[in-house]
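One structure is given below, encoded as structure tokens.
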Amino acid sequence: MIRLIHQIRRELIGTGKVRKYLAYAAGEIVLVVIGILIALQINNWNEARKLSSALDSSLWEVREDLIQDTMELNRMIAIRKLDFESQKNVISVLEGNQPLTNTLYADLARVMLRHNVTLIRNGFDLIKEIGLSKLSNISLRNALVVYYNKN
């Protein structure tokens, strides 16, 4: 194919047909431009596919993080209920309604403990690296930002 193109070009230049040579050159330029446009389109399609795949993976990780957060929050609710009972016991003793017992020391220790809840942010951090603006679902984006930016 390339030999044929070079042969045509040599013949056009050799015979002095400048007009035909210019048409040939313009045709080559058009072919090169079309090739570049096709390559750019393929590249854009590939980048969009990669972005979509990365977002899907990140959203899946957010889902897993939320499941873990839910389990952790349920565990903390159970602990806080026990803490509340201990606080009621300590308040009863301090108000003088109950006698001092050995379990009061355990209740006092429980009241003094602080239980923090730490949310897992791996998936959200991945989405932030990709770019929150790339997430097309605006309500999902806003919900994630609100959830993960609360203290």
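Scheme for the structure tokens: letters A, B, ... for chains in order shown; per-chain residue numbers from 1; ligand numbers from 1 in order shown.
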
Would you mind listing, for every residue of range 9-60 of chain A within 12 Å of range 126-142 of chain A, the two atoms forming the shortest contact and the distance between them in Å to one decimal, using only C-alpha atoms, sorted by chain and ascending residue number, as CSV?
```
residue,atom,partner,partner_atom,distance
A:Ala48,CA,A:Lys134,CA,10.4
A:Lys50,CA,A:Ile130,CA,10.9
A:Leu51,CA,A:Ile130,CA,8.0
A:Ser52,CA,A:Lys134,CA,9.1
A:Ser53,CA,A:Ile130,CA,11.1
A:Ala54,CA,A:Ile130,CA,7.8
A:Leu55,CA,A:Ile127,CA,6.7
A:Asp56,CA,A:Ile127,CA,9.6
A:Ser57,CA,A:Leu126,CA,9.1
A:Ser58,CA,A:Ile127,CA,5.9
A:Leu59,CA,A:Ile127,CA,7.7
A:Trp60,CA,A:Ile127,CA,10.7
```

I need the residues from that last selection saved to file as an mmCIF file, in the first residue's frame (with all heavy atoms), if you can.
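Printed below is selection.cif as written:
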```cif
data_model
loop_
_atom_site.group_PDB
_atom_site.id
_atom_site.type_symbol
_atom_site.label_atom_id
_atom_site.label_comp_id
_atom_site.auth_asym_id
_atom_site.auth_seq_id
_atom_site.Cartn_x
_atom_site.Cartn_y
_atom_site.Cartn_z
ATOM 1 N N ALA A 48 -12.714 6.957 29.617
ATOM 2 C CA ALA A 48 -14.047 6.929 30.241
ATOM 3 C C ALA A 48 -14.329 5.554 30.829
ATOM 4 O O ALA A 48 -14.910 5.439 31.913
ATOM 5 C CB ALA A 48 -15.118 7.298 29.216
ATOM 6 N N LYS A 50 -12.038 3.412 31.946
ATOM 7 C CA LYS A 50 -11.203 3.282 33.145
ATOM 8 C C LYS A 50 -11.816 4.041 34.318
ATOM 9 O O LYS A 50 -11.837 3.547 35.450
ATOM 10 C CB LYS A 50 -9.799 3.822 32.877
ATOM 11 C CG LYS A 50 -8.928 2.935 32.050
ATOM 12 C CD LYS A 50 -7.566 3.605 31.887
ATOM 13 C CE LYS A 50 -6.672 2.905 30.922
ATOM 14 N NZ LYS A 50 -5.401 3.619 30.725
ATOM 15 N N LEU A 51 -12.304 5.266 34.048
ATOM 16 C CA LEU A 51 -12.920 6.078 35.103
ATOM 17 C C LEU A 51 -14.162 5.390 35.656
ATOM 18 O O LEU A 51 -14.352 5.321 36.878
ATOM 19 C CB LEU A 51 -13.277 7.461 34.565
ATOM 20 C CG LEU A 51 -14.010 8.384 35.525
ATOM 21 C CD1 LEU A 51 -13.127 8.740 36.708
ATOM 22 C CD2 LEU A 51 -14.459 9.635 34.805
ATOM 23 N N SER A 52 -14.978 4.860 34.769
ATOM 24 C CA SER A 52 -16.187 4.170 35.200
ATOM 25 C C SER A 52 -15.845 2.955 36.048
ATOM 26 O O SER A 52 -16.474 2.698 37.079
ATOM 27 C CB SER A 52 -17.002 3.748 33.979
ATOM 28 O OG SER A 52 -18.127 3.009 34.369
ATOM 29 N N SER A 53 -14.837 2.223 35.640
ATOM 30 C CA SER A 53 -14.413 1.047 36.399
ATOM 31 C C SER A 53 -13.877 1.443 37.776
ATOM 32 O O SER A 53 -14.190 0.799 38.785
ATOM 33 C CB SER A 53 -13.337 0.292 35.614
ATOM 34 O OG SER A 53 -12.831 -0.772 36.345
ATOM 35 N N ALA A 54 -13.077 2.509 37.829
ATOM 36 C CA ALA A 54 -12.530 2.968 39.107
ATOM 37 C C ALA A 54 -13.643 3.450 40.031
ATOM 38 O O ALA A 54 -13.625 3.163 41.244
ATOM 39 C CB ALA A 54 -11.506 4.080 38.874
ATOM 40 N N LEU A 55 -14.620 4.170 39.494
ATOM 41 C CA LEU A 55 -15.738 4.641 40.316
ATOM 42 C C LEU A 55 -16.572 3.473 40.827
ATOM 43 O O LEU A 55 -16.977 3.461 41.991
ATOM 44 C CB LEU A 55 -16.615 5.612 39.527
ATOM 45 C CG LEU A 55 -16.134 7.051 39.474
ATOM 46 C CD1 LEU A 55 -17.005 7.878 38.551
ATOM 47 C CD2 LEU A 55 -16.089 7.667 40.855
ATOM 48 N N ASP A 56 -16.824 2.487 39.963
ATOM 49 C CA ASP A 56 -17.586 1.310 40.395
ATOM 50 C C ASP A 56 -16.868 0.583 41.526
ATOM 51 O O ASP A 56 -17.483 0.191 42.515
ATOM 52 C CB ASP A 56 -17.819 0.359 39.227
ATOM 53 C CG ASP A 56 -18.837 0.880 38.236
ATOM 54 O OD1 ASP A 56 -19.539 1.855 38.562
ATOM 55 O OD2 ASP A 56 -18.921 0.309 37.123
ATOM 56 N N SER A 57 -15.571 0.422 41.378
ATOM 57 C CA SER A 57 -14.782 -0.245 42.416
ATOM 58 C C SER A 57 -14.810 0.550 43.720
ATOM 59 O O SER A 57 -14.964 -0.020 44.808
ATOM 60 C CB SER A 57 -13.346 -0.409 41.921
ATOM 61 O OG SER A 57 -12.525 -0.921 42.921
ATOM 62 N N SER A 58 -14.677 1.867 43.620
ATOM 63 C CA SER A 58 -14.702 2.718 44.815
ATOM 64 C C SER A 58 -16.065 2.688 45.491
ATOM 65 O O SER A 58 -16.153 2.639 46.720
ATOM 66 C CB SER A 58 -14.336 4.152 44.449
ATOM 67 O OG SER A 58 -13.045 4.204 43.922
ATOM 68 N N LEU A 59 -17.132 2.711 44.695
ATOM 69 C CA LEU A 59 -18.475 2.653 45.272
ATOM 70 C C LEU A 59 -18.724 1.310 45.943
ATOM 71 O O LEU A 59 -19.407 1.239 46.967
ATOM 72 C CB LEU A 59 -19.528 2.933 44.197
ATOM 73 C CG LEU A 59 -19.610 4.390 43.745
ATOM 74 C CD1 LEU A 59 -20.542 4.517 42.555
ATOM 75 C CD2 LEU A 59 -20.058 5.286 44.889
ATOM 76 N N TRP A 60 -18.179 0.251 45.381
ATOM 77 C CA TRP A 60 -18.299 -1.061 46.021
ATOM 78 C C TRP A 60 -17.583 -1.048 47.366
ATOM 79 O O TRP A 60 -18.078 -1.573 48.354
ATOM 80 C CB TRP A 60 -17.720 -2.148 45.113
ATOM 81 C CG TRP A 60 -17.913 -3.512 45.673
ATOM 82 C CD1 TRP A 60 -17.000 -4.259 46.355
ATOM 83 C CD2 TRP A 60 -19.111 -4.288 45.659
ATOM 84 N NE1 TRP A 60 -17.553 -5.441 46.737
ATOM 85 C CE2 TRP A 60 -18.850 -5.488 46.325
ATOM 86 C CE3 TRP A 60 -20.379 -4.069 45.123
ATOM 87 C CZ2 TRP A 60 -19.803 -6.468 46.482
ATOM 88 C CZ3 TRP A 60 -21.327 -5.061 45.284
ATOM 89 C CH2 TRP A 60 -21.034 -6.239 45.947
#
```

Fill in: d(CA of Ala78 in chain A, CA of Thr118 in chain A) in Å
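Calculated distance between CA of Ala78 in chain A and CA of Thr118 in chain A is 16.0 Å.
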
Practice prompt. From a DSSP calculation on the backbone, collect every residue of chain A in alpha helix (DSSP H) and output the set as a ChimeraX atom specification.
Written response: /A:2-14,18-95,103-112,122-130,138-149

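When only C-alpha atoms are used to compute distances to Ser86 in chain A, the closest of the residues A:Arg19, A:Arg3, A:Arg121, A:Arg110 turns out to be A:Arg110.
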
Worksheet item: Which is closest to Gln87 in chain A among A:Ala109, A:Val32, A:Ala39, A:Ile8, if we use only C-alpha atoms?
Response: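 Residue with the minimum atom-to-atom distance to Gln87 in chain A: A:Ala109.
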
Worksheet item: Which residue out of A:Arg80, A:Lys88, A:Arg10, A:Lys150 has the minimum interatomic distance to Asn116 in chain A when only C-alpha atoms are used?
Response: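 Closest to Asn116 in chain A of all the choices is A:Arg80.
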
Worksheet entry | Contacts of range 63-70 of chain A at 8 Å (only C-alpha atoms; same-chain gap of 2+ positions) as a list in words |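 My list of contacting residues is Leu59, Trp60, Glu61, Glu72, Leu73, Asn74, Leu119, Ile120, Arg121, Asn122 and Gly123 of chain A.
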
Serialized selection, C-alpha atoms, as a PDB file, in the first residue's frame:
```pdb
ATOM      1  CA  LEU A  59     -18.475   2.653  45.272  1.00  0.00           C
ATOM      2  CA  TRP A  60     -18.299  -1.061  46.021  1.00  0.00           C
ATOM      3  CA  GLU A  61     -15.692  -0.323  48.679  1.00  0.00           C
ATOM      4  CA  GLU A  72     -19.607  -1.070  64.558  1.00  0.00           C
ATOM      5  CA  LEU A  73     -22.423   1.359  65.363  1.00  0.00           C
ATOM      6  CA  ASN A  74     -24.687  -1.502  66.487  1.00  0.00           C
ATOM      7  CA  LEU A 119     -15.894   5.378  60.558  1.00  0.00           C
ATOM      8  CA  ILE A 120     -14.086   3.517  57.794  1.00  0.00           C
ATOM      9  CA  ARG A 121     -13.331   5.965  54.971  1.00  0.00           C
ATOM     10  CA  ASN A 122     -11.298   3.896  52.486  1.00  0.00           C
ATOM     11  CA  GLY A 123     -13.886   3.922  49.687  1.00  0.00           C
TER      12      GLY A 123
END
```

Worksheet entry | Near-Val111 in chain A list (9 Å; only C-alpha atoms; drop same-chain fewer than 3 positions) as a ChimeraX atom specification | /A:83-84,86-87,90,106-108,114

Output the selection as a PDB file, in the first residue's frame - all heavy atoms for each residue.
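Below is the file part-v2.pdb, written as the result:
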```pdb
ATOM      1  N   ASP A  83     -23.444   1.234  79.365  1.00  0.00           N
ATOM      2  CA  ASP A  83     -22.916   2.432  80.032  1.00  0.00           C
ATOM      3  C   ASP A  83     -24.036   3.217  80.716  1.00  0.00           C
ATOM      4  O   ASP A  83     -23.864   3.720  81.827  1.00  0.00           O
ATOM      5  CB  ASP A  83     -22.206   3.351  79.016  1.00  0.00           C
ATOM      6  CG  ASP A  83     -20.908   2.777  78.510  1.00  0.00           C
ATOM      7  OD1 ASP A  83     -20.431   1.778  79.077  1.00  0.00           O
ATOM      8  OD2 ASP A  83     -20.368   3.342  77.532  1.00  0.00           O
ATOM      9  N   PHE A  84     -25.176   3.325  80.039  1.00  0.00           N
ATOM     10  CA  PHE A  84     -26.308   4.040  80.604  1.00  0.00           C
ATOM     11  C   PHE A  84     -26.793   3.371  81.890  1.00  0.00           C
ATOM     12  O   PHE A  84     -27.094   4.061  82.879  1.00  0.00           O
ATOM     13  CB  PHE A  84     -27.438   4.119  79.569  1.00  0.00           C
ATOM     14  CG  PHE A  84     -28.623   4.894  80.025  1.00  0.00           C
ATOM     15  CD1 PHE A  84     -28.555   6.264  80.222  1.00  0.00           C
ATOM     16  CD2 PHE A  84     -29.823   4.250  80.280  1.00  0.00           C
ATOM     17  CE1 PHE A  84     -29.655   6.976  80.653  1.00  0.00           C
ATOM     18  CE2 PHE A  84     -30.926   4.955  80.718  1.00  0.00           C
ATOM     19  CZ  PHE A  84     -30.842   6.326  80.905  1.00  0.00           C
ATOM     20  N   SER A  86     -24.973   1.576  83.897  1.00  0.00           N
ATOM     21  CA  SER A  86     -23.947   1.846  84.907  1.00  0.00           C
ATOM     22  C   SER A  86     -24.091   3.261  85.454  1.00  0.00           C
ATOM     23  O   SER A  86     -23.938   3.490  86.658  1.00  0.00           O
ATOM     24  CB  SER A  86     -22.547   1.670  84.319  1.00  0.00           C
ATOM     25  OG  SER A  86     -22.331   0.328  83.979  1.00  0.00           O
ATOM     26  N   GLN A  87     -24.389   4.219  84.596  1.00  0.00           N
ATOM     27  CA  GLN A  87     -24.580   5.593  85.036  1.00  0.00           C
ATOM     28  C   GLN A  87     -25.781   5.711  85.971  1.00  0.00           C
ATOM     29  O   GLN A  87     -25.725   6.423  86.981  1.00  0.00           O
ATOM     30  CB  GLN A  87     -24.765   6.517  83.828  1.00  0.00           C
ATOM     31  CG  GLN A  87     -23.510   6.705  83.014  1.00  0.00           C
ATOM     32  CD  GLN A  87     -23.763   7.415  81.696  1.00  0.00           C
ATOM     33  OE1 GLN A  87     -24.899   7.747  81.366  1.00  0.00           O
ATOM     34  NE2 GLN A  87     -22.699   7.632  80.942  1.00  0.00           N
ATOM     35  N   VAL A  90     -24.697   4.398  89.370  1.00  0.00           N
ATOM     36  CA  VAL A  90     -23.837   5.344  90.087  1.00  0.00           C
ATOM     37  C   VAL A  90     -24.670   6.510  90.613  1.00  0.00           C
ATOM     38  O   VAL A  90     -24.499   6.948  91.760  1.00  0.00           O
ATOM     39  CB  VAL A  90     -22.695   5.835  89.161  1.00  0.00           C
ATOM     40  CG1 VAL A  90     -21.955   7.010  89.782  1.00  0.00           C
ATOM     41  CG2 VAL A  90     -21.738   4.698  88.855  1.00  0.00           C
ATOM     42  N   ALA A 106     -17.009  -1.180  89.453  1.00  0.00           N
ATOM     43  CA  ALA A 106     -17.023  -1.518  88.026  1.00  0.00           C
ATOM     44  C   ALA A 106     -17.882  -0.509  87.258  1.00  0.00           C
ATOM     45  O   ALA A 106     -17.523  -0.089  86.143  1.00  0.00           O
ATOM     46  CB  ALA A 106     -17.554  -2.928  87.823  1.00  0.00           C
ATOM     47  N   ASP A 107     -19.003  -0.121  87.877  1.00  0.00           N
ATOM     48  CA  ASP A 107     -19.865   0.869  87.226  1.00  0.00           C
ATOM     49  C   ASP A 107     -19.163   2.227  87.105  1.00  0.00           C
ATOM     50  O   ASP A 107     -19.277   2.901  86.079  1.00  0.00           O
ATOM     51  CB  ASP A 107     -21.183   1.020  87.981  1.00  0.00           C
ATOM     52  CG  ASP A 107     -22.087  -0.191  87.822  1.00  0.00           C
ATOM     53  OD1 ASP A 107     -21.913  -0.923  86.825  1.00  0.00           O
ATOM     54  OD2 ASP A 107     -22.970  -0.390  88.674  1.00  0.00           O
ATOM     55  N   LEU A 108     -18.437   2.609  88.156  1.00  0.00           N
ATOM     56  CA  LEU A 108     -17.686   3.869  88.109  1.00  0.00           C
ATOM     57  C   LEU A 108     -16.626   3.828  87.006  1.00  0.00           C
ATOM     58  O   LEU A 108     -16.435   4.803  86.273  1.00  0.00           O
ATOM     59  CB  LEU A 108     -17.028   4.158  89.455  1.00  0.00           C
ATOM     60  CG  LEU A 108     -17.920   4.811  90.497  1.00  0.00           C
ATOM     61  CD1 LEU A 108     -17.208   4.852  91.839  1.00  0.00           C
ATOM     62  CD2 LEU A 108     -18.306   6.204  90.054  1.00  0.00           C
ATOM     63  N   ARG A 114     -14.323   6.310  77.829  1.00  0.00           N
ATOM     64  CA  ARG A 114     -14.854   7.014  76.664  1.00  0.00           C
ATOM     65  C   ARG A 114     -14.763   6.071  75.473  1.00  0.00           C
ATOM     66  O   ARG A 114     -13.700   5.519  75.183  1.00  0.00           O
ATOM     67  CB  ARG A 114     -14.042   8.264  76.402  1.00  0.00           C
ATOM     68  CG  ARG A 114     -14.543   9.026  75.215  1.00  0.00           C
ATOM     69  CD  ARG A 114     -13.775  10.284  75.003  1.00  0.00           C
ATOM     70  NE  ARG A 114     -14.238  10.874  73.754  1.00  0.00           N
ATOM     71  CZ  ARG A 114     -14.037  12.101  73.425  1.00  0.00           C
ATOM     72  NH1 ARG A 114     -13.385  12.897  74.227  1.00  0.00           N
ATOM     73  NH2 ARG A 114     -14.480  12.564  72.284  1.00  0.00           N
TER      74      ARG A 114
END
```
